[in-house]
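S.K.: Enclosed is the structure file model-v4.txt (compact mmCIF, C-alpha atoms).
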```
# COMPACT_ATOMS: atom_id res chain seq x y z
CA MET R 65 81.56 2.65 19.70
CA ALA R 66 78.99 4.45 17.60
CA GLU R 67 76.09 2.25 18.63
CA GLU R 68 76.65 3.12 22.26
CA LYS R 69 76.19 6.83 21.63
CA GLU R 70 72.44 6.67 21.53
CA THR R 71 71.59 8.85 24.49
CA ASN R 72 70.44 11.65 22.21
CA LYS R 73 68.08 9.50 20.12
CA SER R 74 64.37 9.05 20.58
CA ILE R 75 63.18 5.46 20.91
CA GLU R 76 59.89 6.27 19.26
CA GLU R 77 59.14 5.80 15.57
CA GLU R 78 56.02 6.56 13.64
CA GLU R 79 55.01 2.92 13.16
CA GLN R 80 55.86 1.50 16.58
CA VAL R 81 56.68 2.70 20.07
CA VAL R 82 58.88 0.66 22.40
CA THR R 83 59.82 2.13 25.77
CA PRO R 84 60.07 0.55 29.23
CA TRP R 85 56.49 1.75 29.89
CA GLU R 86 54.77 1.51 26.50
CA VAL R 87 54.82 -0.99 23.66
CA ALA R 88 52.69 -0.20 20.60
CA SER R 89 53.13 -1.89 17.25
CA GLY R 90 51.13 0.55 15.13
CA GLY R 91 48.49 -2.07 14.37
CA GLY R 92 50.73 -4.91 13.19
CA LYS R 93 53.46 -7.02 14.73
CA ILE R 94 56.53 -5.60 16.44
CA ASP R 95 59.36 -5.36 13.92
CA TYR R 96 62.25 -6.84 15.89
CA ASP R 97 64.79 -6.41 13.11
CA LYS R 98 64.01 -2.71 13.12
CA LEU R 99 64.42 -2.62 16.91
CA ILE R 100 67.83 -4.30 16.67
CA SER R 101 68.90 -1.76 14.08
CA LYS R 102 67.50 1.20 15.99
CA PHE R 103 68.79 0.18 19.42
CA GLY R 104 72.19 -0.92 18.11
CA CYS R 105 72.24 -4.40 19.64
CA GLN R 106 73.16 -7.62 17.85
CA LYS R 107 71.25 -10.73 16.83
CA LEU R 108 71.86 -13.80 18.95
CA ASP R 109 73.11 -16.37 16.45
CA SER R 110 73.55 -20.13 16.50
CA ASN R 111 77.29 -19.84 17.10
CA LEU R 112 76.70 -18.18 20.48
CA ILE R 113 74.01 -20.71 21.39
CA ASN R 114 76.38 -23.58 20.53
CA ARG R 115 79.06 -21.97 22.69
CA VAL R 116 76.67 -21.84 25.64
CA GLU R 117 76.03 -25.55 25.25
CA LYS R 118 79.74 -26.38 25.09
CA LEU R 119 80.69 -24.18 28.04
CA THR R 120 77.90 -25.40 30.32
CA SER R 121 77.72 -29.05 29.19
CA ARG R 122 73.94 -28.89 29.10
CA PRO R 123 71.38 -28.42 26.33
CA PRO R 124 70.51 -24.79 25.58
CA HIS R 125 67.27 -23.58 27.11
CA VAL R 126 64.16 -23.75 24.96
CA PHE R 127 64.11 -19.93 24.95
CA LEU R 128 67.54 -19.98 23.27
CA ARG R 129 66.74 -22.80 20.85
CA ARG R 130 63.60 -21.08 19.58
CA GLY R 131 64.76 -17.49 19.46
CA VAL R 132 62.75 -16.15 22.41
CA PHE R 133 65.97 -14.54 23.57
CA PHE R 134 67.06 -13.17 20.24
CA ALA R 135 69.35 -10.16 20.74
CA HIS R 136 72.35 -9.25 22.88
CA ARG R 137 75.02 -6.77 23.77
CA ASP R 138 78.49 -8.22 24.43
CA PHE R 139 77.20 -11.68 25.35
CA ASN R 140 80.13 -13.00 23.32
CA GLU R 141 82.52 -11.16 25.66
CA ILE R 142 80.87 -12.75 28.70
CA LEU R 143 81.40 -16.19 27.14
CA ASP R 144 85.00 -15.33 26.21
CA SER R 145 85.77 -14.35 29.79
CA TYR R 146 83.96 -17.36 31.24
CA GLN R 147 85.95 -19.67 28.97
CA LYS R 148 89.14 -18.16 30.43
CA GLY R 149 87.92 -18.86 33.96
CA ASP R 150 86.50 -15.43 34.81
CA LYS R 151 83.09 -15.42 36.45
CA PHE R 152 80.27 -12.89 36.10
CA TYR R 153 77.03 -12.11 37.89
CA LEU R 154 73.44 -11.89 36.72
CA TYR R 155 71.05 -8.99 37.24
CA THR R 156 67.36 -8.93 36.41
CA GLY R 157 64.29 -7.36 37.96
CA ARG R 158 60.59 -6.79 38.25
CA GLY R 159 58.43 -3.70 38.57
CA PRO R 160 55.79 -4.79 41.12
CA SER R 161 52.61 -3.16 39.85
CA SER R 162 50.16 -6.05 40.31
CA GLU R 163 49.36 -8.76 42.82
CA ALA R 164 49.82 -11.64 40.40
CA LEU R 165 52.29 -12.27 37.60
CA HIS R 166 51.23 -13.43 34.15
CA LEU R 167 53.21 -15.87 32.05
CA GLY R 168 55.01 -13.08 30.23
CA HIS R 169 56.38 -11.86 33.56
CA LEU R 170 57.80 -15.32 34.31
CA ILE R 171 59.87 -15.58 31.12
CA PRO R 172 62.94 -13.58 32.26
CA PHE R 173 62.94 -15.40 35.61
CA MET R 174 62.65 -18.85 34.03
CA PHE R 175 65.56 -18.02 31.74
CA THR R 176 67.63 -16.40 34.48
CA LYS R 177 67.19 -19.53 36.64
CA TYR R 178 68.60 -21.58 33.75
CA LEU R 179 71.58 -19.20 33.42
CA GLN R 180 72.25 -19.30 37.17
CA ASP R 181 72.19 -23.09 37.23
CA ALA R 182 74.16 -23.52 34.01
CA PHE R 183 76.98 -21.08 34.78
CA LYS R 184 76.86 -21.37 38.60
CA VAL R 185 77.00 -17.62 39.18
CA PRO R 186 75.39 -15.17 41.64
CA LEU R 187 72.24 -13.21 40.88
CA VAL R 188 70.77 -9.92 42.07
CA ILE R 189 67.06 -9.25 41.51
CA GLN R 190 65.82 -5.68 41.78
CA LEU R 191 62.21 -4.96 42.74
CA THR R 192 61.55 -1.40 41.56
CA ASP R 193 58.78 -0.59 44.02
CA ASP R 194 59.76 3.08 43.86
CA GLU R 195 59.31 3.14 40.07
CA LYS R 196 55.80 1.68 40.24
CA CYS R 197 54.87 4.07 43.02
CA MET R 198 55.71 6.93 40.65
CA TRP R 199 54.36 5.50 37.38
CA LYS R 200 51.24 3.70 38.60
CA ASN R 201 50.20 6.24 41.26
CA LEU R 202 50.42 3.60 43.99
CA SER R 203 51.06 4.52 47.61
CA VAL R 204 54.47 3.77 49.03
CA GLU R 205 52.93 1.19 51.34
CA GLU R 206 51.08 -0.60 48.54
CA SER R 207 54.18 -0.64 46.34
CA LYS R 208 56.19 -2.24 49.13
CA ARG R 209 53.48 -4.82 49.74
CA LEU R 210 53.31 -5.77 46.07
CA ALA R 211 57.09 -6.11 45.97
CA ARG R 212 56.97 -8.77 48.68
CA GLU R 213 54.08 -10.56 46.99
CA ASN R 214 55.93 -10.59 43.68
CA ALA R 215 59.07 -11.80 45.46
CA LYS R 216 57.16 -14.94 46.45
CA ASP R 217 56.40 -15.70 42.79
CA ILE R 218 60.03 -15.08 41.88
CA ILE R 219 61.32 -17.36 44.65
CA ALA R 220 58.85 -20.03 43.48
CA CYS R 221 60.80 -20.21 40.21
CA GLY R 222 63.42 -22.15 42.16
CA PHE R 223 66.36 -19.79 42.60
CA ASP R 224 69.29 -20.93 44.73
CA ILE R 225 69.25 -18.90 47.96
CA THR R 226 73.03 -19.38 48.36
CA ARG R 227 73.55 -17.49 45.09
CA THR R 228 70.60 -15.06 45.04
CA PHE R 229 70.02 -11.63 46.59
CA ILE R 230 66.58 -10.03 46.09
CA PHE R 231 66.19 -6.39 47.06
CA SER R 232 63.57 -3.67 46.82
CA ASP R 233 64.60 -0.12 46.07
CA PHE R 234 62.70 1.25 49.07
CA GLY R 235 64.52 -1.19 51.31
CA TYR R 236 68.05 -1.14 49.91
CA LEU R 237 68.74 2.22 48.25
CA GLY R 238 71.50 4.01 50.15
CA GLY R 239 75.21 3.69 50.89
CA ALA R 240 77.41 2.49 48.01
CA PHE R 241 74.34 1.86 45.84
CA TYR R 242 73.19 5.47 46.11
CA GLU R 243 76.74 6.73 45.56
CA ASN R 244 76.66 5.00 42.17
CA VAL R 245 73.21 6.46 41.45
CA VAL R 246 74.68 9.94 41.91
CA ARG R 247 77.71 9.10 39.75
CA VAL R 248 75.45 8.04 36.89
CA ALA R 249 72.99 10.93 37.33
CA ARG R 250 75.77 13.50 36.98
CA CYS R 251 76.68 12.08 33.55
CA VAL R 252 73.23 12.23 31.92
CA SER R 253 71.68 15.56 30.95
CA PHE R 254 67.96 16.27 30.88
CA ASN R 255 68.03 16.46 27.08
CA GLN R 256 69.67 13.04 26.93
CA VAL R 257 67.22 11.37 29.30
CA ARG R 258 64.31 12.96 27.45
CA GLY R 259 65.67 11.62 24.17
CA ILE R 260 66.20 8.11 25.53
CA PHE R 261 62.94 7.69 27.40
CA GLY R 262 60.59 10.18 25.77
CA PHE R 263 59.87 12.18 28.92
CA SER R 264 57.71 15.29 28.49
CA PRO R 265 57.61 18.59 30.44
CA GLU R 266 54.49 17.27 32.20
CA ASP R 267 56.32 14.30 33.74
CA HIS R 268 57.23 14.79 37.38
CA ILE R 269 60.87 14.91 38.41
CA GLY R 270 60.66 11.53 40.12
CA LYS R 271 60.34 9.84 36.74
CA ILE R 272 63.18 11.85 35.25
CA GLY R 273 65.46 10.95 38.14
CA PHE R 274 64.65 7.23 38.24
CA PRO R 275 66.77 5.72 35.39
CA PRO R 276 70.08 5.72 37.33
CA VAL R 277 68.39 3.58 40.01
CA GLN R 278 67.81 0.81 37.49
CA ALA R 279 71.25 1.34 35.98
CA VAL R 280 73.51 0.83 38.98
CA PRO R 281 72.81 -2.81 39.86
CA SER R 282 74.97 -3.33 36.73
CA PHE R 283 78.00 -2.32 38.81
CA PRO R 284 79.40 -4.75 41.42
CA THR R 285 80.38 -1.91 43.76
CA SER R 286 76.65 -1.31 44.35
CA PHE R 287 76.70 -4.52 46.42
CA PRO R 288 79.72 -4.33 48.76
CA HIS R 289 78.33 -7.15 50.91
CA LEU R 290 78.51 -9.43 47.86
CA PHE R 291 81.34 -8.27 45.61
CA SER R 292 83.88 -6.46 47.79
CA GLY R 293 87.24 -6.47 45.99
CA ARG R 294 85.64 -7.59 42.70
CA ASP R 295 85.19 -4.16 41.13
CA ASN R 296 85.81 -5.48 37.59
CA LEU R 297 83.28 -8.32 37.75
CA ARG R 298 81.16 -8.29 34.60
CA CYS R 299 77.36 -8.21 34.74
CA LEU R 300 74.95 -10.00 32.39
CA ILE R 301 71.35 -8.76 32.27
CA PRO R 302 68.57 -11.02 30.92
CA CYS R 303 65.54 -8.83 30.11
CA ALA R 304 62.88 -8.04 27.53
CA ILE R 305 64.05 -5.71 24.79
CA ASP R 306 61.85 -2.84 26.05
CA GLN R 307 64.34 -2.44 28.91
CA ASP R 308 67.21 -1.77 26.48
CA PRO R 309 67.00 2.06 26.78
CA TYR R 310 68.03 1.87 30.45
CA PHE R 311 71.13 -0.07 29.61
CA ARG R 312 72.11 1.88 26.50
CA MET R 313 72.32 4.79 28.90
CA THR R 314 74.22 2.66 31.43
CA ARG R 315 76.73 1.39 28.87
CA ASP R 316 77.37 4.92 27.66
CA VAL R 317 78.07 6.16 31.18
CA ALA R 318 79.96 3.16 32.63
CA PRO R 319 83.43 3.81 31.15
CA ARG R 320 83.20 7.47 32.13
CA ILE R 321 82.91 6.55 35.81
CA GLY R 322 85.43 3.70 35.72
CA TYR R 323 83.12 0.69 35.40
CA GLN R 324 82.71 -2.17 32.96
CA LYS R 325 79.78 -2.03 30.58
CA PRO R 326 77.02 -4.52 31.43
CA ALA R 327 76.22 -7.18 28.84
CA LEU R 328 72.62 -7.95 27.89
CA ILE R 329 70.64 -10.86 26.49
CA GLU R 330 67.20 -9.72 25.37
CA SER R 331 63.87 -11.40 24.68
CA LEU R 332 60.87 -10.93 22.45
CA PHE R 333 57.57 -9.80 23.95
CA PHE R 334 55.16 -12.50 25.00
CA PRO R 335 52.00 -11.91 22.94
CA ALA R 336 48.54 -11.25 24.28
CA LEU R 337 45.91 -13.93 23.85
CA GLN R 338 44.09 -11.72 21.37
CA GLY R 339 47.04 -11.44 19.01
CA GLU R 340 50.67 -10.50 18.52
CA SER R 341 50.54 -6.72 18.76
CA GLY R 342 52.96 -6.12 21.63
CA LYS R 343 52.93 -6.79 25.35
CA MET R 344 49.95 -8.02 27.33
CA SER R 345 47.84 -5.54 29.29
CA ALA R 346 47.44 -6.01 33.04
CA SER R 347 44.24 -3.99 32.77
CA ASP R 348 42.60 -6.74 30.67
CA PRO R 349 42.57 -10.06 32.60
CA ASN R 350 41.47 -11.92 29.46
CA SER R 351 44.61 -10.85 27.58
CA ALA R 352 46.87 -13.12 29.61
CA ILE R 353 47.21 -16.31 31.63
CA TYR R 354 48.06 -15.48 35.25
CA VAL R 355 49.85 -17.71 37.74
CA THR R 356 46.77 -17.38 39.96
CA ASP R 357 44.40 -18.72 37.27
CA SER R 358 42.54 -21.95 38.02
CA LYS R 359 42.42 -24.90 35.63
CA ASN R 360 38.98 -23.74 34.50
CA ASP R 361 40.23 -20.15 34.01
CA ILE R 362 43.03 -21.38 31.76
CA LYS R 363 40.68 -23.55 29.71
CA LYS R 364 38.15 -20.75 29.24
CA LYS R 365 40.75 -18.14 28.32
CA ILE R 366 42.44 -20.35 25.73
CA ASN R 367 39.21 -21.56 24.17
CA ARG R 368 37.45 -18.18 24.13
CA HIS R 369 40.23 -15.63 23.70
CA ALA R 370 43.34 -17.22 22.13
CA PHE R 371 43.44 -15.87 18.58
CA SER R 372 43.46 -18.68 16.03
CA GLY R 373 45.10 -18.83 12.64
CA GLY R 374 42.81 -21.69 11.69
CA GLN R 375 40.27 -21.33 8.91
CA ASP R 376 36.63 -20.35 9.41
CA SER R 377 35.25 -23.77 8.52
CA LEU R 378 36.29 -27.39 8.75
CA GLU R 379 36.30 -27.64 4.97
CA ASN R 380 38.61 -24.64 4.56
CA GLN R 381 40.88 -25.81 7.38
CA ARG R 382 41.33 -29.16 5.69
CA LYS R 383 41.89 -27.42 2.34
CA TYR R 384 44.15 -24.50 3.28
CA GLY R 385 45.51 -25.25 6.74
CA ALA R 386 46.20 -22.76 9.51
CA ASN R 387 48.17 -19.54 9.30
CA LEU R 388 50.88 -20.27 11.86
CA GLU R 389 52.24 -16.73 11.65
CA VAL R 390 49.25 -15.34 13.56
CA ASP R 391 48.12 -18.37 15.58
CA ILE R 392 48.51 -17.65 19.30
CA PRO R 393 48.18 -21.27 20.56
CA VAL R 394 51.13 -22.27 18.35
CA LYS R 395 53.13 -19.25 19.54
CA TYR R 396 52.45 -20.13 23.19
CA LEU R 397 53.47 -23.73 22.56
CA SER R 398 56.68 -22.41 21.01
CA PHE R 399 57.47 -20.81 24.38
CA PHE R 400 56.44 -23.59 26.72
CA LEU R 401 56.29 -26.99 24.99
CA GLU R 402 59.69 -28.53 25.72
CA ASP R 403 59.58 -31.30 23.12
CA ASP R 404 61.00 -29.94 19.84
CA ALA R 405 59.78 -32.92 17.82
CA GLU R 406 56.22 -32.61 19.12
CA LEU R 407 56.14 -28.88 18.39
CA GLU R 408 57.33 -29.42 14.82
CA HIS R 409 54.74 -32.17 14.35
CA ILE R 410 51.94 -29.86 15.53
CA LYS R 411 53.09 -27.04 13.27
CA LYS R 412 53.37 -29.34 10.26
CA GLU R 413 49.99 -31.02 10.77
CA TYR R 414 48.11 -27.86 11.74
CA GLY R 415 49.65 -25.84 8.92
CA ALA R 416 48.69 -28.56 6.43
CA GLY R 417 45.09 -28.77 7.66
CA ARG R 418 45.38 -32.26 9.13
CA MET R 419 45.01 -30.90 12.67
CA LEU R 420 42.21 -28.63 13.90
CA THR R 421 42.28 -25.53 16.10
CA GLY R 422 40.49 -27.34 18.92
CA GLU R 423 43.19 -30.01 19.04
CA VAL R 424 45.99 -27.44 19.23
CA LYS R 425 44.19 -25.45 21.91
CA SER R 426 43.59 -28.65 23.89
CA ARG R 427 47.31 -29.43 23.91
CA LEU R 428 48.13 -25.88 24.95
CA ILE R 429 45.63 -26.10 27.81
CA GLU R 430 47.41 -29.24 29.05
CA VAL R 431 50.85 -27.62 28.87
CA LEU R 432 49.83 -24.36 30.58
CA THR R 433 47.71 -26.05 33.24
CA GLU R 434 50.61 -28.26 34.28
CA MET R 435 52.98 -25.29 34.34
CA VAL R 436 50.69 -22.97 36.30
CA MET R 437 49.65 -25.64 38.82
CA ARG R 438 53.30 -26.50 39.42
CA HIS R 439 54.09 -22.84 40.00
CA ARG R 440 51.13 -22.37 42.33
CA GLU R 441 52.24 -25.34 44.42
CA ALA R 442 55.78 -23.95 44.68
CA ARG R 443 54.46 -20.49 45.48
CA SER R 444 52.24 -21.79 48.29
CA ALA R 445 55.37 -23.12 50.01
CA VAL R 446 57.09 -19.69 50.04
CA THR R 447 56.74 -18.12 53.48
CA ASP R 448 57.36 -14.57 54.68
CA GLU R 449 60.44 -15.92 56.45
CA MET R 450 61.79 -17.20 53.12
CA VAL R 451 61.23 -13.78 51.56
CA ASP R 452 63.12 -12.21 54.46
CA ALA R 453 65.98 -14.69 53.96
CA PHE R 454 66.33 -13.93 50.23
CA MET R 455 66.19 -10.18 50.91
CA ALA R 456 68.60 -10.17 53.84
CA VAL R 457 71.80 -8.18 53.24
CA ARG R 458 74.34 -10.97 53.60
CA PRO R 459 77.24 -12.70 51.83
CA LEU R 460 76.23 -15.49 49.44
CA PRO R 461 78.02 -18.65 50.54
CA GLY R 462 77.54 -20.52 47.25
CA MET R 463 78.27 -17.49 45.07
CA PHE R 464 80.86 -19.02 42.72
CA ASP R 465 80.81 -22.67 43.83
```
Once more with this new file: its structure as structure tokens, please.
M.R.:
Amino acid sequence: MAEEKETNKSIEEEEQVVTPWEVASGGGKIDYDKLISKFGCQKLDSNLINRVEKLTSRPPHVFLRRGVFFAHRDFNEILDSYQKGDKFYLYTGRGPSSEALHLGHLIPFMFTKYLQDAFKVPLVIQLTDDEKCMWKNLSVEESKRLARENAKDIIACGFDITRTFIFSDFGYLGGAFYENVVRVARCVSFNQVRGIFGFSPEDHIGKIGFPPVQAVPSFPTSFPHLFSGRDNLRCLIPCAIDQDPYFRMTRDVAPRIGYQKPALIESLFFPALQGESGKMSASDPNSAIYVTDSKNDIKKKINRHAFSGGQDSLENQRKYGANLEVDIPVKYLSFFLEDDAELEHIKKEYGAGRMLTGEVKSRLIEVLTEMVMRHREARSAVTDEMVDAFMAVRPLPGMFD
């Protein structure tokens, strides 16, 4: 298909830049319709969401209902196969570059947990400690340490150990996995990889050679201890849309080496507290809420740094109402407030000027404090032995139960 032949296109445009390592909106908001058109994926429509509900007999996740996961590649084919009785597996990942995760980092894991529970399928989670060693100038030892720390936060999301295999590249790369890395690498020229990812002559060869490592968890033969004899098992990848370049490359190569193309379901970026201009910056602690933040940290960050669409005076707020298009507290509530009716009430009242910024921020503080404290409690219960158990190379006894 024409949209798959994108390995010779740059993913950078004059107004906005979206790569796996850089997101820049050019001063405004990310234009997601333009990304869909440029990347060649499809919008996730209500028909697919309704099918998920029918096939799983459970309400669609809030991230589906509200368009957080908004684009896909072949998700319809995954549902078609599942309806016929064919299973699939999930693949997602994390680049461990920091000690603590922020809320944006949790989004793919929260959604993947829902998919695992709803469809009762196995999951592989890749920790790209090698990538962060090369991109962030971390030592090998520090990258490996951060991978284990991040694994604890991932496990705290509640994944089923009988259906979940977590691996780090430094720990797992070799054998059948590396054989697939070589198969993919032979099919992608330097000009192609430069066009897809925007590499320059100054980038070291480690960066140029990395993309196949993130590609091959899409293939079941990379995990012979899990999927032996299931070479045609389809893979579904929940991820943010900045990861799409990896899997455009993967989908282009897969048929050439005898594998099924992975399917994707892709999310928006979680906005920074200061405004919706792309992804949050780990270098600015006040741009995000972290899972290590205290109750007081959360309150201060929301009150001081969350960009408001409310008016500059009480009189104007009552007269004109808030601009919901730019209001970060409303956007955060759209991600994390489960109650659809309450969210619509807040948007209606705030937009009409009958609710004030302080009231909206207060509700957001309640929602995020409960969420972060719950995560911190779960994370405190994750031991090194539990990390070892999730990362052990083993069959998954509950894989398709």
S.K.: Any idea what the distance is between atom CA of Tyr414 of chain R and atom CA of Phe134 of chain R?
M.R.: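 About the pair atom CA of Tyr414 of chain R and atom CA of Phe134 of chain R: they are 25.4 Å apart.
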S.K.: Nearest to Asp233 of chain R: which of R:Ser253, R:Thr192, R:Ser292, R:Gln307 is it, counting only C-alpha atoms?
M.R.: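 Residue with the minimum atom-to-atom distance to Asp233 of chain R: R:Thr192.
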S.K.: Can you work out the spacing between atom CA of Leu202 of chain R and atom CA of Ala220 of chain R in Å, to one decimal?
M.R.: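 Separating atom CA of Leu202 of chain R from atom CA of Ala220 of chain R is a distance of 25.1 Å.
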S.K.: R:Thr228, R:Thr120, R:Ser145, R:Asn201: which is nearest Phe183 of chain R, counting all atoms listed in the file?
M.R.: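 Closest to Phe183 of chain R, using all atoms listed in the file: R:Thr120.
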S.K.: Which is closer to Arg298 of chain R than all the others in R:His166, R:Lys325, R:Lys271, R:Arg315, using only C-alpha atoms?
M.R.: R:Lys325
S.K.: Within 10 Å of (69.8, -9.9, 43.8) (coordinates as in the file), grab all the protein and nucleic acid residues, counting all atoms listed in the file, and write them out as a ChimeraX atom specification.
M.R.: /R:153-157,186-191,225,227-232,281,287,290,454-455,457
S.K.: Using all atoms listed in the file, what does the table of segment 102-192 of chain R residues within 12 Å of segment 419-435 of chain R look like, with each row giving the shortest atom pair and its distance in Å to one decimal, sorted by chain and ascending number, as a Markdown table?
M.R.:
```
| residue | atom | partner | partner_atom | distance |
| --- | --- | --- | --- | --- |
| R:His166 | CA | R:Leu432 | CA | 11.6 |
| R:Leu167 | CA | R:Leu432 | CA | 9.3 |
| R:Leu170 | CA | R:Met435 | CA | 11.1 |
| R:Met174 | CA | R:Met435 | CA | 11.6 |
```
S.K.: Excluding segment 136-139 of chain R and any residue of its chain fewer than 4 positions from it, enumerate the residues within 7 Å of it, using all atoms listed in the file, and give them as a list in words.
M.R.: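 The neighbour list is Cys105, Gln106, Lys107, Leu108, Leu143, Ala327, Leu328, Ile329 and Glu330 of chain R.
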S.K.: Using all atoms listed in the file, which of the listed residues (R:Phe334, R:Tyr384, R:Phe234, R:Trp85) sits closest to Asp306 of chain R?
M.R.: R:Trp85
S.K.: Need to verify the contact set: Val317 of chain R, 9 Å, all atoms listed in the file, exclusion of same-chain residues closer than 6 positions in sequence. Can you return it as a list in words?
M.R.: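 In the requested form, the answer reads Val248, Cys251, Val252, Tyr323 and Lys325 of chain R.
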S.K.: With distances taken over all atoms listed in the file, which residue among R:Phe261, R:Phe274, R:Tyr310, R:Phe127 lies nearest Asp193 of chain R?
M.R.: R:Phe274
S.K.: Please indicate the distance in Å from atom CA of Lys151 of chain R to atom CA of Val185 of chain R, rounded to one decimal place.
M.R.: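 Atom-to-atom, atom CA of Lys151 of chain R and atom CA of Val185 of chain R are spaced 7.0 Å apart.
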